[in-house]
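What follows is the content of run.pdb (PDB, C-alpha atoms).
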```pdb
ATOM      1  CA  MET A   1       5.542  15.246 -17.303  1.00  0.00           C
ATOM      2  CA  ALA A   2       7.566  14.870 -14.133  1.00  0.00           C
ATOM      3  CA  THR A   3       9.882  11.894 -13.908  1.00  0.00           C
ATOM      4  CA  HIS A   4       9.190   9.248 -11.338  1.00  0.00           C
ATOM      5  CA  SER A   5      11.268   7.195  -8.966  1.00  0.00           C
ATOM      6  CA  VAL A   6      10.561   3.778  -7.518  1.00  0.00           C
ATOM      7  CA  ARG A   7      10.933   3.172  -3.801  1.00  0.00           C
ATOM      8  CA  PRO A   8       9.733   0.722  -1.167  1.00  0.00           C
ATOM      9  CA  ALA A   9       6.301   1.606   0.170  1.00  0.00           C
ATOM     10  CA  ARG A  10       5.759   2.708   3.747  1.00  0.00           C
ATOM     11  CA  ALA A  11       2.730   2.190   5.956  1.00  0.00           C
ATOM     12  CA  GLU A  12       1.984   5.915   5.501  1.00  0.00           C
ATOM     13  CA  ASP A  13       1.387   5.218   1.770  1.00  0.00           C
ATOM     14  CA  ALA A  14      -1.586   2.952   2.530  1.00  0.00           C
ATOM     15  CA  ALA A  15      -4.323   5.527   1.873  1.00  0.00           C
ATOM     16  CA  GLU A  16      -2.710   6.550  -1.442  1.00  0.00           C
ATOM     17  CA  LEU A  17      -2.376   2.890  -2.468  1.00  0.00           C
ATOM     18  CA  ALA A  18      -6.075   2.366  -1.793  1.00  0.00           C
ATOM     19  CA  VAL A  19      -7.002   5.470  -3.831  1.00  0.00           C
ATOM     20  CA  LEU A  20      -4.670   4.481  -6.690  1.00  0.00           C
ATOM     21  CA  SER A  21      -6.165   0.979  -6.808  1.00  0.00           C
ATOM     22  CA  ARG A  22      -9.818   2.057  -6.643  1.00  0.00           C
ATOM     23  CA  PRO A  23     -10.411   2.555 -10.414  1.00  0.00           C
ATOM     24  CA  PHE A  24      -8.882  -0.868 -11.103  1.00  0.00           C
ATOM     25  CA  VAL A  25     -11.085  -2.450  -8.452  1.00  0.00           C
ATOM     26  CA  ARG A  26     -14.163  -0.861 -10.052  1.00  0.00           C
ATOM     27  CA  SER A  27     -13.149  -2.229 -13.463  1.00  0.00           C
ATOM     28  CA  GLY A  28     -12.657  -5.732 -12.038  1.00  0.00           C
ATOM     29  CA  ALA A  29      -8.905  -5.774 -12.725  1.00  0.00           C
ATOM     30  CA  LEU A  30      -7.932  -5.776  -9.025  1.00  0.00           C
ATOM     31  CA  ARG A  31      -9.364  -7.153  -5.823  1.00  0.00           C
ATOM     32  CA  GLU A  32     -10.582  -4.635  -3.290  1.00  0.00           C
ATOM     33  CA  ARG A  33      -8.227  -4.116  -0.362  1.00  0.00           C
ATOM     34  CA  PRO A  34      -8.862  -1.639   2.450  1.00  0.00           C
ATOM     35  CA  ALA A  35      -6.180   0.925   3.324  1.00  0.00           C
ATOM     36  CA  ALA A  36      -5.536  -0.951   6.575  1.00  0.00           C
ATOM     37  CA  LEU A  37      -4.484  -4.026   4.600  1.00  0.00           C
ATOM     38  CA  TYR A  38      -2.095  -1.940   2.489  1.00  0.00           C
ATOM     39  CA  ALA A  39      -0.603  -0.612   5.726  1.00  0.00           C
ATOM     40  CA  VAL A  40      -0.096  -4.108   7.133  1.00  0.00           C
ATOM     41  CA  HIS A  41       1.510  -5.329   3.880  1.00  0.00           C
ATOM     42  CA  ALA A  42       3.399  -2.134   2.984  1.00  0.00           C
ATOM     43  CA  ALA A  43       6.702  -4.053   2.982  1.00  0.00           C
ATOM     44  CA  ASP A  44       5.419  -6.046  -0.035  1.00  0.00           C
ATOM     45  CA  PHE A  45       5.033  -2.939  -2.192  1.00  0.00           C
ATOM     46  CA  LEU A  46       7.162  -0.839  -4.458  1.00  0.00           C
ATOM     47  CA  VAL A  47       5.683   2.510  -5.444  1.00  0.00           C
ATOM     48  CA  ALA A  48       6.378   4.956  -8.247  1.00  0.00           C
ATOM     49  CA  GLN A  49       6.143   8.616  -7.402  1.00  0.00           C
ATOM     50  CA  GLY A  50       7.065  11.869  -9.086  1.00  0.00           C
ATOM     51  CA  PRO A  51       8.506  14.791  -7.135  1.00  0.00           C
ATOM     52  CA  GLY A  52       5.738  16.363  -5.065  1.00  0.00           C
ATOM     53  CA  CYS A  53       3.145  13.972  -6.506  1.00  0.00           C
ATOM     54  CA  PRO A  54       0.994  11.302  -4.932  1.00  0.00           C
ATOM     55  CA  VAL A  55       1.825   7.654  -5.577  1.00  0.00           C
ATOM     56  CA  GLU A  56       1.355   7.068  -9.326  1.00  0.00           C
ATOM     57  CA  GLY A  57       1.985   3.338  -9.517  1.00  0.00           C
ATOM     58  CA  ALA A  58       2.437   0.312  -7.311  1.00  0.00           C
ATOM     59  CA  VAL A  59       3.186  -3.388  -7.341  1.00  0.00           C
ATOM     60  CA  GLY A  60       3.218  -5.897  -4.514  1.00  0.00           C
ATOM     61  CA  LEU A  61       5.742  -8.738  -4.302  1.00  0.00           C
ATOM     62  CA  ARG A  62       4.882 -11.523  -1.896  1.00  0.00           C
ATOM     63  CA  VAL A  63       7.421 -14.283  -1.253  1.00  0.00           C
ATOM     64  CA  TYR A  64       6.324 -17.909  -0.923  1.00  0.00           C
ATOM     65  CA  PRO A  65       8.799 -20.393   0.557  1.00  0.00           C
ATOM     66  CA  ALA A  66       9.531 -23.547  -1.393  1.00  0.00           C
ATOM     67  CA  GLY A  67       7.150 -26.386  -0.788  1.00  0.00           C
ATOM     68  CA  PRO A  68       8.139 -30.047  -0.790  1.00  0.00           C
ATOM     69  CA  GLY A  69       9.446 -31.076  -4.193  1.00  0.00           C
ATOM     70  CA  GLU A  70       9.204 -27.601  -5.752  1.00  0.00           C
ATOM     71  CA  ALA A  71      11.948 -27.137  -8.314  1.00  0.00           C
ATOM     72  CA  HIS A  72      12.527 -23.380  -8.081  1.00  0.00           C
ATOM     73  CA  GLY A  73      12.992 -22.871  -4.339  1.00  0.00           C
ATOM     74  CA  ALA A  74      11.282 -19.782  -2.926  1.00  0.00           C
ATOM     75  CA  VAL A  75       9.182 -17.921  -5.486  1.00  0.00           C
ATOM     76  CA  GLY A  76       7.394 -14.594  -5.647  1.00  0.00           C
ATOM     77  CA  VAL A  77       3.983 -13.405  -6.732  1.00  0.00           C
ATOM     78  CA  LEU A  78       3.442  -9.932  -8.161  1.00  0.00           C
ATOM     79  CA  TYR A  79       0.060  -8.535  -7.252  1.00  0.00           C
ATOM     80  CA  ASN A  80      -1.960  -5.326  -7.210  1.00  0.00           C
ATOM     81  CA  PHE A  81       0.080  -3.928 -10.112  1.00  0.00           C
ATOM     82  CA  CYS A  82      -1.450  -0.628 -11.188  1.00  0.00           C
ATOM     83  CA  VAL A  83      -0.472   2.730 -12.667  1.00  0.00           C
ATOM     84  CA  ALA A  84      -2.593   5.887 -12.517  1.00  0.00           C
ATOM     85  CA  GLY A  85      -4.403   6.461 -15.801  1.00  0.00           C
ATOM     86  CA  HIS A  86      -2.662   9.774 -16.506  1.00  0.00           C
ATOM     87  CA  ARG A  87       0.769   8.099 -16.119  1.00  0.00           C
ATOM     88  CA  GLN A  88       0.139   5.042 -18.295  1.00  0.00           C
ATOM     89  CA  GLY A  89       2.340   4.961 -21.367  1.00  0.00           C
ATOM     90  CA  TYR A  90       5.135   6.969 -19.709  1.00  0.00           C
ATOM     91  CA  GLY A  91       7.271   4.071 -18.466  1.00  0.00           C
ATOM     92  CA  VAL A  92       5.947   4.009 -14.911  1.00  0.00           C
ATOM     93  CA  GLY A  93       4.774   0.397 -15.156  1.00  0.00           C
ATOM     94  CA  ALA A  94       7.985  -0.714 -16.853  1.00  0.00           C
ATOM     95  CA  GLY A  95      10.028   0.975 -14.120  1.00  0.00           C
ATOM     96  CA  LEU A  96       7.999  -0.783 -11.430  1.00  0.00           C
ATOM     97  CA  LEU A  97       8.342  -4.152 -13.158  1.00  0.00           C
ATOM     98  CA  ARG A  98      12.113  -3.746 -13.588  1.00  0.00           C
ATOM     99  CA  ALA A  99      12.418  -2.846  -9.891  1.00  0.00           C
ATOM    100  CA  ALA A 100      10.268  -5.837  -8.877  1.00  0.00           C
ATOM    101  CA  LEU A 101      12.405  -8.173 -11.001  1.00  0.00           C
ATOM    102  CA  ALA A 102      15.590  -6.748  -9.461  1.00  0.00           C
ATOM    103  CA  THR A 103      14.120  -7.162  -5.963  1.00  0.00           C
ATOM    104  CA  ALA A 104      13.136 -10.773  -6.706  1.00  0.00           C
ATOM    105  CA  ARG A 105      16.638 -11.545  -7.979  1.00  0.00           C
ATOM    106  CA  ALA A 106      18.228  -9.877  -4.948  1.00  0.00           C
ATOM    107  CA  ARG A 107      16.087 -12.140  -2.741  1.00  0.00           C
ATOM    108  CA  SER A 108      17.266 -15.184  -4.749  1.00  0.00           C
ATOM    109  CA  LEU A 109      13.744 -16.137  -5.808  1.00  0.00           C
ATOM    110  CA  GLY A 110      13.595 -18.882  -8.408  1.00  0.00           C
ATOM    111  CA  ALA A 111      10.543 -17.624 -10.279  1.00  0.00           C
ATOM    112  CA  LEU A 112       7.884 -14.932 -10.310  1.00  0.00           C
ATOM    113  CA  PHE A 113       4.178 -15.419 -10.942  1.00  0.00           C
ATOM    114  CA  THR A 114       1.327 -13.024 -11.554  1.00  0.00           C
ATOM    115  CA  ALA A 115      -2.321 -13.177 -12.575  1.00  0.00           C
ATOM    116  CA  THR A 116      -3.826 -10.681 -14.980  1.00  0.00           C
ATOM    117  CA  THR A 117      -7.281 -10.049 -16.315  1.00  0.00           C
ATOM    118  CA  GLY A 118      -5.765  -7.935 -19.097  1.00  0.00           C
ATOM    119  CA  GLY A 119      -3.527  -8.868 -21.982  1.00  0.00           C
ATOM    120  CA  GLY A 120      -0.375  -8.952 -19.879  1.00  0.00           C
ATOM    121  CA  ASP A 121       1.646  -7.282 -22.643  1.00  0.00           C
ATOM    122  CA  LEU A 122       4.131  -5.627 -20.289  1.00  0.00           C
ATOM    123  CA  PHE A 123       4.785  -8.905 -18.487  1.00  0.00           C
ATOM    124  CA  LEU A 124       5.252 -10.706 -21.802  1.00  0.00           C
ATOM    125  CA  GLN A 125       7.767  -8.063 -22.905  1.00  0.00           C
ATOM    126  CA  TYR A 126       9.792  -8.826 -19.783  1.00  0.00           C
ATOM    127  CA  GLY A 127       9.948 -12.580 -20.339  1.00  0.00           C
ATOM    128  CA  PHE A 128       6.824 -13.830 -18.587  1.00  0.00           C
ATOM    129  CA  VAL A 129       4.965 -16.668 -20.280  1.00  0.00           C
ATOM    130  CA  PRO A 130       1.533 -18.206 -19.701  1.00  0.00           C
ATOM    131  CA  THR A 131       1.619 -21.046 -17.193  1.00  0.00           C
ATOM    132  CA  ALA A 132      -0.744 -23.395 -15.395  1.00  0.00           C
ATOM    133  CA  ALA A 133      -2.010 -22.765 -11.879  1.00  0.00           C
ATOM    134  CA  ARG A 134      -0.374 -26.013 -10.713  1.00  0.00           C
ATOM    135  CA  SER A 135       3.048 -24.397 -11.329  1.00  0.00           C
ATOM    136  CA  ALA A 136       2.282 -21.495  -8.980  1.00  0.00           C
ATOM    137  CA  PRO A 137       2.367 -21.447  -5.173  1.00  0.00           C
ATOM    138  CA  THR A 138      -0.585 -23.603  -4.140  1.00  0.00           C
ATOM    139  CA  SER A 139      -2.078 -21.245  -1.560  1.00  0.00           C
ATOM    140  CA  TRP A 140      -1.954 -18.308  -3.983  1.00  0.00           C
ATOM    141  CA  ALA A 141      -3.373 -20.290  -6.908  1.00  0.00           C
ATOM    142  CA  LYS A 142      -6.257 -21.513  -4.712  1.00  0.00           C
ATOM    143  CA  SER A 143      -7.012 -17.908  -3.707  1.00  0.00           C
ATOM    144  CA  LEU A 144      -7.669 -16.816  -7.306  1.00  0.00           C
ATOM    145  CA  ASP A 145     -11.315 -16.197  -8.111  1.00  0.00           C
ATOM    146  CA  PRO A 146     -12.187 -18.318 -11.175  1.00  0.00           C
ATOM    147  CA  ARG A 147     -14.969 -15.854 -12.087  1.00  0.00           C
ATOM    148  CA  ARG A 148     -12.286 -13.251 -12.901  1.00  0.00           C
ATOM    149  CA  ASN A 149     -10.852 -15.531 -15.624  1.00  0.00           C
ATOM    150  CA  ALA A 150      -7.309 -14.316 -14.964  1.00  0.00           C
ATOM    151  CA  ARG A 151      -4.340 -15.646 -16.900  1.00  0.00           C
ATOM    152  CA  ILE A 152      -1.391 -16.833 -14.851  1.00  0.00           C
ATOM    153  CA  LEU A 153       2.000 -15.771 -16.127  1.00  0.00           C
ATOM    154  CA  SER A 154       5.457 -16.654 -14.835  1.00  0.00           C
ATOM    155  CA  THR A 155       9.131 -16.118 -15.447  1.00  0.00           C
ATOM    156  CA  ILE A 156      12.150 -18.050 -14.219  1.00  0.00           C
ATOM    157  CA  LEU A 157      14.756 -15.802 -12.621  1.00  0.00           C
TER
END
```
Will you turn the file into structure tokens for me?
Amino acid sequence: MATHSVRPARAEDAAELAVLSRPFVRSGALRERPAALYAVHAADFLVAQGPGCPVEGAVGLRVYPAGPGEAHGAVGVLYNFCVAGHRQGYGVGAGLLRAALATARARSLGALFTATTGGGDLFLQYGFVPTAARSAPTSWAKSLDPRRNARILSTIL
């Protein structure tokens, strides 16, 4: 298997991000986003890619400024985290998560949140713990679809 590298996404990656995400959308693990939305929010994403290969993994990191009385200052939300099926189990997801954590620390974020419909094992291995929606950025928490029954996880940075 070719090794992969993690880099910031570019608007030109939008179509590949949409294709990569499609199986996870079909399974209910991710929300559907059109390629145009990936292009607009490309600056949120880190992508994993092997030499000469299409994008094999991605994670978005959206920053939310501190609200009144919030203890952690600005925080981040990881979203649309996915790895191509044939690359799962090869460290692609771990590499993306390490890069996202490093990016969040470099931006001086106080905490990171994510929502998962799966077990969240990778997040738990990297120090995330289950948390309540009231601890997360309000606008993000309100945007979660309760029918998806996602668990919210967080880590303090």
For a test of reading the model, state the distance in Å between atom CA of A:Val55 and atom CA of A:Ala100, rounded to one decimal.
16.3 Å
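In this comparison, which uses all atoms listed in the file, the residue of A:Leu122, A:Val77, A:Ala141, A:Leu109 approaching A:Leu97 most closely is A:Leu122.
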Apply the PyMOL selection byres ((chain A and resi 75) around 6) to the file shown and report the selected residues as a list in words.
Val63, Tyr64, Ala74, Gly76, Leu109, Gly110, Ala111 and Leu112 of chain A
Using all atoms listed in the file, find the one residue out of A:Leu17, A:Ala66, A:Leu157, A:Ala42 that sits nearest to A:Phe81.
A:Leu17
Selection in question (the file shown): the PyMOL selection byres ((chain A and resi 129) around 7). Which residues does it include, as a CSV table (one decimal) with C-alpha atoms, keeping the file's coordinate frame?
```csv
chain,number,residue,atom,x,y,z
A,124,LEU,CA,5.3,-10.7,-21.8
A,127,GLY,CA,9.9,-12.6,-20.3
A,128,PHE,CA,6.8,-13.8,-18.6
A,130,PRO,CA,1.5,-18.2,-19.7
A,131,THR,CA,1.6,-21.0,-17.2
A,153,LEU,CA,2.0,-15.8,-16.1
A,154,SER,CA,5.5,-16.7,-14.8
A,155,THR,CA,9.1,-16.1,-15.4
```
Test item: the PyMOL selection byres ((chain A and resi 18-28) around 10) resolved as a PDB file with C-alpha atoms, in the frame of the given file:
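Here's the written file out_2.pdb:
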```
ATOM      1  CA  ASP A  13       1.387   5.218   1.770  1.00  0.00           C
ATOM      2  CA  ALA A  14      -1.586   2.952   2.530  1.00  0.00           C
ATOM      3  CA  ALA A  15      -4.323   5.527   1.873  1.00  0.00           C
ATOM      4  CA  GLU A  16      -2.710   6.550  -1.442  1.00  0.00           C
ATOM      5  CA  LEU A  17      -2.376   2.890  -2.468  1.00  0.00           C
ATOM      6  CA  ALA A  29      -8.905  -5.774 -12.725  1.00  0.00           C
ATOM      7  CA  LEU A  30      -7.932  -5.776  -9.025  1.00  0.00           C
ATOM      8  CA  ARG A  31      -9.364  -7.153  -5.823  1.00  0.00           C
ATOM      9  CA  GLU A  32     -10.582  -4.635  -3.290  1.00  0.00           C
ATOM     10  CA  ARG A  33      -8.227  -4.116  -0.362  1.00  0.00           C
ATOM     11  CA  PRO A  34      -8.862  -1.639   2.450  1.00  0.00           C
ATOM     12  CA  ALA A  35      -6.180   0.925   3.324  1.00  0.00           C
ATOM     13  CA  ALA A  36      -5.536  -0.951   6.575  1.00  0.00           C
ATOM     14  CA  LEU A  37      -4.484  -4.026   4.600  1.00  0.00           C
ATOM     15  CA  TYR A  38      -2.095  -1.940   2.489  1.00  0.00           C
ATOM     16  CA  ALA A  39      -0.603  -0.612   5.726  1.00  0.00           C
ATOM     17  CA  PRO A  54       0.994  11.302  -4.932  1.00  0.00           C
ATOM     18  CA  VAL A  55       1.825   7.654  -5.577  1.00  0.00           C
ATOM     19  CA  GLU A  56       1.355   7.068  -9.326  1.00  0.00           C
ATOM     20  CA  GLY A  57       1.985   3.338  -9.517  1.00  0.00           C
ATOM     21  CA  ALA A  58       2.437   0.312  -7.311  1.00  0.00           C
ATOM     22  CA  ASN A  80      -1.960  -5.326  -7.210  1.00  0.00           C
ATOM     23  CA  PHE A  81       0.080  -3.928 -10.112  1.00  0.00           C
ATOM     24  CA  CYS A  82      -1.450  -0.628 -11.188  1.00  0.00           C
ATOM     25  CA  VAL A  83      -0.472   2.730 -12.667  1.00  0.00           C
ATOM     26  CA  ALA A  84      -2.593   5.887 -12.517  1.00  0.00           C
ATOM     27  CA  GLY A  85      -4.403   6.461 -15.801  1.00  0.00           C
ATOM     28  CA  THR A 117      -7.281 -10.049 -16.315  1.00  0.00           C
ATOM     29  CA  ARG A 148     -12.286 -13.251 -12.901  1.00  0.00           C
TER      30      ARG A 148
END
```
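Rounded to one decimal, atom CA of A:Ala48 and atom CA of A:Ser5 lie 5.4 Å from each other.
Proximity of A:Gly50, A:Arg151, A:Val40, A:Ala99 to A:Arg87, computed with all atoms listed in the file, is greatest for A:Gly50.
Shortest separation to A:Leu61 among A:Gln88, A:Thr114, A:Gln125, A:Asn149 occurs at residue A:Thr114, atoms counted being all atoms listed in the file.
Among the candidate residues A:Gly73, A:Gly95, A:Gly52, A:Pro137, the one lying nearest to A:Phe113 is A:Pro137, with distances computed using all atoms listed in the file.
For the choices A:Pro146, A:Leu78, A:Arg10, A:His4, the atom-to-atom distance to A:Thr103 is smallest for A:Leu78 when using all atoms listed in the file.
The space separating atom CA of A:Ser108 from atom CA of A:Ala132 comes to 22.5 Å.
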Please determine an axis-aligned box that encloses all atoms of stretch 51-70 of chain A listed in the file, with 5 Å added on each side, and express its centre and edge lengths in Å to one decimal as JSON.
```
{"center_x": 5.3, "center_y": -7.4, "center_z": -4.5, "size_x": 18.5, "size_y": 57.4, "size_z": 20.1}
```
